[in-house]
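For reference, upload.txt is printed below; it contains compact mmCIF, C-alpha atoms.
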# COMPACT_ATOMS: atom_id res chain seq x y z
CA MET A 1 122.67 181.41 154.94
CA LYS A 2 123.87 179.64 158.03
CA LYS A 3 121.49 181.68 160.13
CA GLU A 4 118.57 180.83 157.87
CA LEU A 5 119.36 177.16 158.03
CA LEU A 6 119.58 177.35 161.75
CA SER A 7 116.26 179.09 162.09
CA ALA A 8 114.68 176.65 159.68
CA MET A 9 115.92 173.80 161.83
CA LEU A 10 114.69 175.56 164.90
CA ILE A 11 111.27 176.06 163.39
CA SER A 12 110.95 172.47 162.30
CA ALA A 13 112.02 171.39 165.75
CA LEU A 14 109.47 173.62 167.40
CA VAL A 15 106.60 173.30 164.98
CA SER A 16 105.26 169.83 164.65
CA PRO A 17 104.32 168.47 161.21
CA LEU A 18 100.75 168.59 162.43
CA ALA A 19 100.97 172.32 163.04
CA ILE A 20 102.33 172.87 159.54
CA ALA A 21 99.52 170.84 158.06
CA ASP A 22 97.17 173.01 160.06
CA ALA A 23 98.71 176.19 158.71
CA VAL A 24 98.41 174.86 155.15
CA LYS A 25 94.77 174.03 155.73
CA GLN A 26 94.14 177.43 157.25
CA GLY A 27 96.02 179.11 154.42
CA LYS A 28 93.87 177.31 151.90
CA GLU A 29 90.71 178.49 153.62
CA ILE A 30 91.94 182.06 153.63
CA ALA A 31 93.11 181.91 150.02
CA TRP A 32 89.84 180.42 148.80
CA SER A 33 87.41 182.45 150.88
CA ARG A 34 85.59 185.13 148.88
CA LYS A 35 85.72 187.40 151.91
CA LYS A 36 89.46 186.96 152.42
CA GLY A 37 91.98 186.16 149.69
CA ASN A 38 89.53 185.24 146.94
CA CYS A 39 92.58 184.23 144.91
CA LEU A 40 90.45 181.93 142.72
CA THR A 41 88.88 185.03 141.22
CA CYS A 42 92.03 185.38 139.18
CA HIS A 43 94.17 182.26 139.63
CA MET A 44 93.83 178.61 138.83
CA MET A 45 95.19 176.80 141.84
CA ASP A 46 94.93 173.43 143.46
CA ASP A 47 91.60 171.75 142.69
CA GLY A 48 89.65 175.05 142.74
CA GLN A 49 86.57 175.22 140.54
CA GLN A 50 85.26 178.17 138.52
CA THR A 51 88.54 179.98 138.66
CA GLY A 52 89.29 183.14 136.74
CA ASN A 53 92.21 183.67 134.42
CA SER A 54 93.42 187.19 134.99
CA GLY A 55 96.44 185.95 136.91
CA PRO A 56 98.78 183.05 136.07
CA PRO A 57 98.09 179.54 137.41
CA LEU A 58 99.74 179.04 140.80
CA MET A 59 101.73 175.83 140.89
CA ALA A 60 105.18 174.54 141.82
CA MET A 61 105.50 177.60 144.00
CA LYS A 62 108.41 176.35 146.09
CA ALA A 63 110.45 175.54 143.02
CA ARG A 64 109.60 178.86 141.42
CA TYR A 65 109.99 180.97 144.54
CA PRO A 66 112.83 179.41 146.56
CA ASP A 67 113.04 182.75 148.39
CA ARG A 68 109.98 182.76 150.62
CA ALA A 69 110.28 186.49 151.27
CA LYS A 70 109.85 187.20 147.58
CA LEU A 71 106.65 185.20 147.41
CA ARG A 72 105.37 186.90 150.52
CA GLN A 73 106.19 190.31 149.03
CA GLN A 74 104.19 189.42 145.88
CA ILE A 75 101.11 188.97 148.08
CA TRP A 76 101.83 191.79 150.48
CA ASP A 77 102.18 194.35 147.67
CA PRO A 78 102.31 193.12 144.08
CA THR A 79 102.42 196.71 142.81
CA LYS A 80 106.07 196.79 143.92
CA ARG A 81 106.94 194.44 141.10
CA ASN A 82 104.37 195.77 138.66
CA PRO A 83 102.67 199.09 139.43
CA LEU A 84 99.96 198.36 136.86
CA THR A 85 99.06 194.92 138.13
CA ASN A 86 95.43 194.30 138.98
CA MET A 87 96.35 191.99 141.83
CA PRO A 88 95.27 193.62 145.10
CA PRO A 89 97.95 194.61 147.66
CA PHE A 90 96.77 192.25 150.40
CA GLY A 91 99.23 193.43 153.04
CA ARG A 92 99.64 197.11 152.21
CA ASN A 93 95.87 197.65 152.05
CA LYS A 94 95.25 195.40 155.06
CA ILE A 95 92.97 193.05 153.16
CA LEU A 96 94.64 190.19 155.04
CA THR A 97 96.50 190.31 158.36
CA GLU A 98 100.22 189.52 158.54
CA ALA A 99 99.42 186.13 160.11
CA GLU A 100 96.89 185.34 157.39
CA ILE A 101 99.45 186.17 154.71
CA ASP A 102 101.94 183.82 156.38
CA ALA A 103 99.36 181.04 156.31
CA VAL A 104 98.63 181.70 152.64
CA VAL A 105 102.35 181.46 151.88
CA ASP A 106 102.49 178.14 153.75
CA TYR A 107 99.63 176.97 151.58
CA LEU A 108 101.24 178.21 148.36
CA TYR A 109 104.42 176.34 149.28
CA SER A 110 102.38 173.15 149.40
CA LEU A 111 101.25 173.58 145.78
CA MET B 1 98.86 208.19 151.27
CA LYS B 2 101.56 209.74 149.12
CA LYS B 3 102.44 206.31 147.87
CA VAL B 4 98.84 205.57 146.97
CA ILE B 5 98.61 208.77 145.00
CA SER B 6 101.85 208.26 143.17
CA SER B 7 101.07 204.69 142.18
CA ALA B 8 97.67 205.83 140.97
CA LEU B 9 99.40 208.50 138.96
CA VAL B 10 101.86 206.05 137.47
CA GLY B 11 98.89 203.96 136.41
CA THR B 12 97.07 206.84 134.82
CA LEU B 13 100.09 208.27 133.15
CA SER B 14 101.47 205.10 131.72
CA LEU B 15 98.06 204.08 130.42
CA GLY B 16 97.78 207.51 128.90
CA ILE B 17 101.09 207.15 127.18
CA ALA B 18 100.45 203.57 126.16
CA PHE B 19 97.28 204.57 124.37
CA GLY B 20 98.74 207.77 122.99
CA VAL B 21 96.23 209.99 124.73
CA SER B 22 97.37 213.50 125.34
CA ALA B 23 95.97 215.54 122.51
CA GLY B 24 92.32 215.67 123.57
CA PRO B 25 88.97 213.90 123.60
CA VAL B 26 88.83 213.27 119.84
CA GLU B 27 92.19 211.51 119.87
CA ASP B 28 91.32 209.72 123.14
CA GLN B 29 88.18 208.38 121.58
CA ALA B 30 89.89 207.11 118.44
CA ALA B 31 92.64 205.38 120.45
CA PHE B 32 90.11 203.91 122.90
CA GLN B 33 87.91 202.41 120.20
CA LYS B 34 90.89 201.14 118.24
CA TYR B 35 92.22 199.39 121.32
CA TYR B 36 89.09 197.24 121.56
CA GLU B 37 88.86 196.70 117.83
CA ASN B 38 92.41 195.32 117.89
CA LYS B 39 91.85 193.28 121.03
CA PHE B 40 88.65 191.71 119.69
CA PRO B 41 89.18 191.50 115.93
CA ASP B 42 86.21 189.12 115.53
CA THR B 43 83.73 191.66 116.92
CA PRO B 44 82.17 193.97 114.33
CA THR B 45 82.47 197.51 115.71
CA ALA B 46 78.71 198.13 115.99
CA ASP B 47 78.37 195.00 118.10
CA PHE B 48 80.27 196.47 121.05
CA ALA B 49 76.91 197.98 122.00
CA ASN B 50 75.99 194.48 123.21
CA GLY B 51 78.41 194.49 126.11
CA VAL B 52 80.01 191.23 127.14
CA TYR B 53 77.93 189.34 124.57
CA SER B 54 79.87 191.06 121.80
CA ILE B 55 82.89 188.96 122.76
CA LEU B 56 81.32 185.80 124.24
CA PRO B 57 79.64 183.64 121.58
CA THR B 58 78.59 181.00 124.11
CA ALA B 59 76.77 183.33 126.47
CA ARG B 60 75.35 185.19 123.51
CA GLU B 61 72.99 182.38 122.55
CA GLN B 62 71.45 182.34 126.01
CA TRP B 63 71.14 186.09 125.91
CA GLU B 64 69.43 186.07 122.53
CA ALA B 65 66.92 183.56 123.89
CA ILE B 66 66.26 185.89 126.83
CA GLU B 67 65.80 188.83 124.48
CA GLU B 68 62.92 187.00 122.81
CA PHE B 69 60.86 187.42 125.96
CA PRO B 70 62.59 190.47 127.34
CA PRO B 71 62.50 190.80 131.12
CA TYR B 72 62.32 194.58 130.74
CA GLU B 73 59.04 194.55 128.82
CA ILE B 74 56.89 195.17 131.91
CA ALA B 75 59.09 198.11 132.80
CA ILE B 76 58.54 199.67 129.37
CA GLU B 77 54.77 199.41 129.79
CA ALA B 78 54.81 200.83 133.31
CA GLY B 79 57.11 203.58 132.06
CA GLU B 80 54.72 204.49 129.28
CA ALA B 81 51.86 204.86 131.74
CA PHE B 82 53.95 207.04 134.04
CA TYR B 83 55.21 209.07 131.10
CA ASN B 84 51.68 209.96 130.01
CA LYS B 85 50.19 210.44 133.46
CA THR B 86 49.05 214.00 134.02
CA PHE B 87 50.65 215.88 136.86
CA ALA B 88 48.57 217.79 139.40
CA ASN B 89 49.17 220.89 137.27
CA GLY B 90 47.74 219.21 134.18
CA LYS B 91 51.06 218.75 132.42
CA SER B 92 53.07 215.54 131.96
CA LEU B 93 56.57 214.34 131.13
CA ALA B 94 55.56 214.68 127.49
CA ASP B 95 55.58 218.45 127.95
CA CYS B 96 59.30 218.22 128.71
CA PHE B 97 60.41 215.44 126.37
CA GLY B 98 57.90 215.34 123.50
CA PRO B 99 55.11 212.88 122.75
CA ASP B 100 57.23 209.70 122.84
CA GLY B 101 60.28 210.67 124.89
CA ALA B 102 62.69 209.58 122.17
CA VAL B 103 65.45 211.88 123.38
CA ARG B 104 68.10 209.36 124.47
CA ASN B 105 70.70 210.74 122.06
CA GLN B 106 70.53 214.17 123.72
CA TYR B 107 72.10 212.82 126.92
CA PRO B 108 74.44 213.03 128.67
CA LYS B 109 74.83 216.64 127.62
CA TRP B 110 76.87 219.60 128.68
CA ASP B 111 74.75 222.41 130.11
CA SER B 112 76.86 225.52 129.71
CA ASP B 113 74.43 227.73 131.61
CA ARG B 114 74.95 225.71 134.76
CA GLY B 115 78.41 224.39 133.95
CA MET B 116 77.51 220.74 134.53
CA VAL B 117 76.76 217.44 132.83
CA VAL B 118 73.05 216.68 132.62
CA THR B 119 72.00 213.03 132.28
CA MET B 120 68.60 211.80 131.17
CA GLU B 121 67.71 210.69 134.71
CA LEU B 122 68.58 214.10 136.10
CA ALA B 123 66.55 215.83 133.38
CA ILE B 124 63.53 213.65 134.20
CA ASN B 125 63.67 214.57 137.87
CA GLU B 126 64.13 218.24 137.04
CA CYS B 127 61.03 218.06 134.87
CA LEU B 128 59.11 216.45 137.72
CA THR B 129 60.16 218.92 140.39
CA ALA B 130 59.68 221.92 138.07
CA ASN B 131 56.07 220.79 137.79
CA GLY B 132 55.60 220.31 141.50
CA GLU B 133 55.93 216.52 141.42
CA LYS B 134 58.14 214.38 143.67
CA PRO B 135 61.54 213.36 142.22
CA LEU B 136 62.33 209.66 141.69
CA LYS B 137 65.10 207.62 143.29
CA TYR B 138 68.07 207.26 140.98
CA LYS B 139 69.22 203.64 141.12
CA LYS B 140 66.18 201.43 140.64
CA GLY B 141 62.39 201.41 140.59
CA LYS B 142 60.25 204.01 138.79
CA ILE B 143 63.20 205.83 137.24
CA THR B 144 64.18 202.66 135.34
CA GLU B 145 60.63 202.29 134.05
CA VAL B 146 60.53 205.80 132.63
CA THR B 147 64.01 205.50 131.13
CA ALA B 148 63.18 202.02 129.77
CA TYR B 149 60.23 203.54 127.91
CA MET B 150 62.20 206.52 126.65
CA SER B 151 65.23 204.42 125.68
CA PHE B 152 63.06 201.90 123.89
CA ASN B 153 61.53 204.67 121.80
CA SER B 154 65.03 205.96 121.10
CA ARG B 155 66.47 202.69 119.86
CA GLY B 156 68.58 203.16 116.77
CA GLN B 157 69.73 206.68 117.61
CA GLU B 158 73.46 207.23 117.33
CA VAL B 159 75.56 207.89 120.42
CA ASP B 160 76.90 211.37 119.80
CA VAL B 161 78.01 212.98 123.04
CA LYS B 162 79.42 216.45 122.50
CA ILE B 163 82.17 218.25 124.38
CA PRO B 164 81.76 221.86 123.33
CA SER B 165 85.15 223.37 122.60
CA ASP B 166 84.05 226.86 123.62
CA ASP B 167 83.60 225.92 127.27
CA PRO B 168 86.73 224.77 129.12
CA ARG B 169 84.55 223.50 131.98
CA ALA B 170 83.13 220.82 129.67
CA LEU B 171 86.62 219.57 128.93
CA ALA B 172 87.39 219.62 132.65
CA ALA B 173 84.31 217.47 133.37
CA TYR B 174 85.41 215.04 130.68
CA GLU B 175 88.96 214.94 132.07
CA ASN B 176 87.57 214.28 135.54
CA GLY B 177 85.58 211.30 134.23
CA LYS B 178 88.58 210.06 132.33
CA GLU B 179 90.82 210.27 135.37
CA HIS B 180 88.24 208.35 137.35
CA PHE B 181 88.18 205.57 134.75
CA TYR B 182 91.95 205.09 134.81
CA THR B 183 92.70 205.62 138.51
CA LYS B 184 93.12 202.69 140.88
CA ARG B 185 90.98 202.92 143.99
CA GLY B 186 89.42 200.96 146.80
CA GLN B 187 90.98 198.47 149.16
CA LEU B 188 91.41 196.05 146.26
CA ASN B 189 93.18 198.73 144.25
CA PHE B 190 91.41 198.50 140.89
CA ALA B 191 90.74 200.99 138.15
CA CYS B 192 87.73 200.61 135.86
CA ALA B 193 90.29 200.25 133.10
CA ASP B 194 91.93 197.28 134.85
CA CYS B 195 88.82 195.14 134.39
CA HIS B 196 87.12 196.73 131.40
CA MET B 197 90.16 197.60 129.30
CA LEU B 198 93.42 195.84 130.14
CA THR B 199 91.77 192.54 131.12
CA ALA B 200 88.45 192.97 129.31
CA GLY B 201 87.28 189.53 128.26
CA ASN B 202 89.13 187.79 131.09
CA LEU B 203 87.38 185.68 133.65
CA TYR B 204 87.00 186.91 137.21
CA ARG B 205 85.70 183.74 138.79
CA ALA B 206 82.76 182.94 136.57
CA ASP B 207 82.30 186.49 135.21
CA THR B 208 83.83 187.72 132.00
CA THR B 209 84.39 191.47 132.04
CA SER B 210 82.85 193.46 129.22
CA PRO B 211 84.76 195.87 127.00
CA GLY B 212 84.46 199.48 128.20
CA PHE B 213 83.62 200.39 124.59
CA GLY B 214 79.82 200.06 124.68
CA HIS B 215 79.25 200.74 128.37
CA GLY B 216 76.91 203.67 127.79
CA THR B 217 74.46 202.41 125.17
CA HIS B 218 71.88 200.11 126.71
CA TRP B 219 70.54 201.54 129.95
CA PRO B 220 68.56 200.82 132.02
CA VAL B 221 69.36 197.12 132.33
CA TYR B 222 67.45 194.15 133.67
CA ARG B 223 70.14 192.22 135.48
CA SER B 224 69.41 188.64 136.47
CA LYS B 225 71.67 188.97 139.49
CA TRP B 226 69.62 191.95 140.71
CA GLN B 227 66.32 190.37 139.69
CA SER B 228 65.34 193.90 138.76
CA MET B 229 66.13 196.88 136.60
CA GLY B 230 68.94 199.25 137.41
CA THR B 231 70.50 202.45 136.10
CA LEU B 232 74.05 202.97 134.91
CA HIS B 233 74.89 204.70 138.17
CA ARG B 234 73.60 201.72 140.14
CA ARG B 235 76.09 199.63 138.18
CA PHE B 236 78.93 202.10 138.81
CA GLY B 237 78.17 201.78 142.53
CA GLY B 238 78.14 197.98 142.29
CA CYS B 239 81.56 197.88 140.63
CA HIS B 240 82.87 200.23 143.30
CA LYS B 241 81.56 198.01 146.07
CA ASN B 242 83.19 195.01 144.43
CA ILE B 243 86.57 196.62 144.72
CA ARG B 244 85.74 197.79 148.25
CA ALA B 245 85.70 201.45 147.33
CA ASN B 246 83.02 203.78 148.65
CA PRO B 247 80.43 204.27 145.93
CA TYR B 248 79.67 207.86 145.02
CA LYS B 249 76.15 209.26 145.01
CA ALA B 250 74.02 208.31 142.01
CA GLN B 251 73.68 211.44 139.87
CA GLY B 252 76.30 213.28 141.90
CA GLU B 253 78.97 215.14 139.97
CA GLU B 254 81.51 212.32 140.06
CA TYR B 255 79.26 209.73 138.38
CA ARG B 256 77.77 212.24 135.94
CA ASN B 257 81.28 213.10 134.77
CA LEU B 258 82.15 209.40 134.59
CA GLU B 259 79.04 208.81 132.46
CA TYR B 260 80.07 211.73 130.26
CA PHE B 261 83.45 210.14 129.61
CA VAL B 262 82.20 206.56 129.25
CA THR B 263 79.41 207.49 126.85
CA TYR B 264 81.62 209.82 124.83
CA MET B 265 84.00 206.88 124.35
CA SER B 266 81.08 204.98 122.77
CA ASN B 267 80.25 207.68 120.22
CA GLY B 268 79.32 206.14 116.89
CA LEU B 269 77.58 203.12 118.43
CA THR B 270 73.80 202.89 118.53
CA PHE B 271 71.58 203.36 121.57
CA ASN B 272 69.91 199.99 122.20
CA GLY B 273 68.37 200.20 125.66
CA PRO B 274 66.83 198.86 127.69
CA GLY B 275 69.14 195.88 127.98
CA ALA B 276 69.31 192.49 129.65
CA ARG B 277 72.42 191.17 131.34
CA LYS B 278 73.37 188.20 133.46
Go ahead and express the file in the form of structure tokens.
Amino acid sequence: MKKELLSAMLISALVSPLAIADAVKQGKEIAWSRKKGNCLTCHMMDDGQQTGNSGPPLMAMKARYPDRAKLRQQIWDPTKRNPLTNMPPFGRNKILTEAEIDAVVDYLYSL
Amino acid sequence: MKKVISSALVGTLSLGIAFGVSAGPVEDQAAFQKYYENKFPDTPTADFANGVYSILPTAREQWEAIEEFPPYEIAIEAGEAFYNKTFANGKSLADCFGPDGAVRNQYPKWDSDRGMVVTMELAINECLTANGEKPLKYKKGKITEVTAYMSFNSRGQEVDVKIPSDDPRALAAYENGKEHFYTKRGQLNFACADCHMLTAGNLYRADTTSPGFGHGTHWPVYRSKWQSMGTLHRRFGGCHKNIRANPYKAQGEEYRNLEYFVTYMSNGLTFNGPGARK
């Protein structure tokens, strides 16, 4: 706990608010792009139009996933939690890079 | 790799158990059809032959308007001309399939001499080559014209695919198609069943997925997105590309077995091709 707090402080000291805003913006692009995350195919999120409904709406993500690692895991390999899920394993199958997944998580935390 | 296989297996097995399939094709078929009847209680059973329009009243109106001036009409006419054209040897397709080609309900069929599933497209090409003519390409073009003509003349026939019980290879072909339908694949890790069974009727972006019950009845299809006609195997390949899996060869063993399974699941519906889809 202490360690996490420390690293969080470190990160916020090192990363300027501008950089975080950048990551969120980048994460949104990745999440929305049909060639990358294409999350809108299945999820209502943000102000996205023509969204699908095979997955649940993504909102209040920080409140619902206080543990960032858990949220990241859901994107990296959702079959861990539910082997029958139709959500693609973005990390395990290398659909997104590790850095892209981090940016998507930043974006989700802004929702 | 091992992980991929085992998660695919979990998927197949648990679906199998969930739908009570273990006894054989007859029981599979009953459970499969019942699943969709329960999921879409407002759809009369026979209507599943109309694909996604059987469950989407809003899109159905547009579709019915399209069907009044069917985009596949030209294909039927071109197909009729090709069907009756005499080969260099003086024969024609009519020598293989009768005067009007109304043989849709004979395919896909199990050929026990050769131990393989024979589809209507394959039979057409075998008729052509046996008579010294060039075979047609399998996904679009001429083949869809001939099958549009033959399917049109076969409208109203009952889907009645048979899996002969005296040939274990027929059952194996069926099982292979079934496994394909339920196994997750591709970079996006989808099974056919994920979209056309478990989440049939859900929206993927702006597309609602059709029930798998009815997938075999209405081919070839004029698809607005293609701006042309296509065969069932063209569609299989398209769905595979969407999930970033390598498509198999049209009319190769894998897709013929898949067609065998998919069409057998639609037994009892009525052949109503050619079709029109968004």
Residues of chain B that approach chain A to 6 Å or less, counting only C-alpha atoms: could you list each one with the shortest pair of atoms and its distance in Å to one decimal, rows by chain and increasing residue number, as JSON lines?
{"residue": "B:Gly11", "atom": "CA", "partner": "A:Leu84", "partner_atom": "CA", "distance": 5.7}
{"residue": "B:Gln187", "atom": "CA", "partner": "A:Asn93", "partner_atom": "CA", "distance": 5.7}
{"residue": "B:Leu188", "atom": "CA", "partner": "A:Pro88", "partner_atom": "CA", "distance": 4.7}
{"residue": "B:Asn189", "atom": "CA", "partner": "A:Pro88", "partner_atom": "CA", "distance": 5.6}
{"residue": "B:Asn202", "atom": "CA", "partner": "A:Ser54", "partner_atom": "CA", "distance": 5.8}
{"residue": "B:Leu203", "atom": "CA", "partner": "A:Gly52", "partner_atom": "CA", "distance": 4.4}
{"residue": "B:Tyr204", "atom": "CA", "partner": "A:Gly52", "partner_atom": "CA", "distance": 4.4}
{"residue": "B:Arg205", "atom": "CA", "partner": "A:Gly52", "partner_atom": "CA", "distance": 4.2}
{"residue": "B:Ala206", "atom": "CA", "partner": "A:Gln50", "partner_atom": "CA", "distance": 5.7}
Atom CA of Gly201 of chain B to atom CA of Asp47 of chain A: how many Å, to one decimal?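 Between atom CA of Gly201 of chain B and atom CA of Asp47 of chain A the gap is 23.3 Å.
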Excluding segment 164-181 of chain B and its own-chain neighbours fewer than 5 positions away, which residues fall within 6 Å of it when counting all atoms listed in the file? Please give them as a list in words.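 Those residues are Cys192, Ala193, Asn257, Leu258 and Phe261 of chain B.
The shortest atom-to-atom distance to Gly98 of chain B, with only C-alpha atoms taken into account, belongs to B:Asn153 out of B:Thr263, B:Glu121, B:Asn153, B:Asp28.
Take atom CA of Asn84 of chain B and atom CA of Trp110 of chain B: the distance between them is 27.0 Å.
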When distances are computed from all atoms listed in the file, which of A:Gly48, A:Pro57, A:Pro78, A:Gly27 shows the smallest separation from Tyr107 of chain A?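 Closest to Tyr107 of chain A, using all atoms listed in the file: A:Gly27.
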Test item: residues at most 10 Å from Glu77 of chain B, all atoms listed in the file, excluding those fewer than 3 positions along its chain, as number ranges by chain: B: 72-74, 80-83, 145-146, 148-149
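Using only C-alpha atoms, the shortest contact distance between Tyr65 of chain A and any of A:Ala19, A:Val105, A:Ile30, A:Val24 is found at A:Val105.
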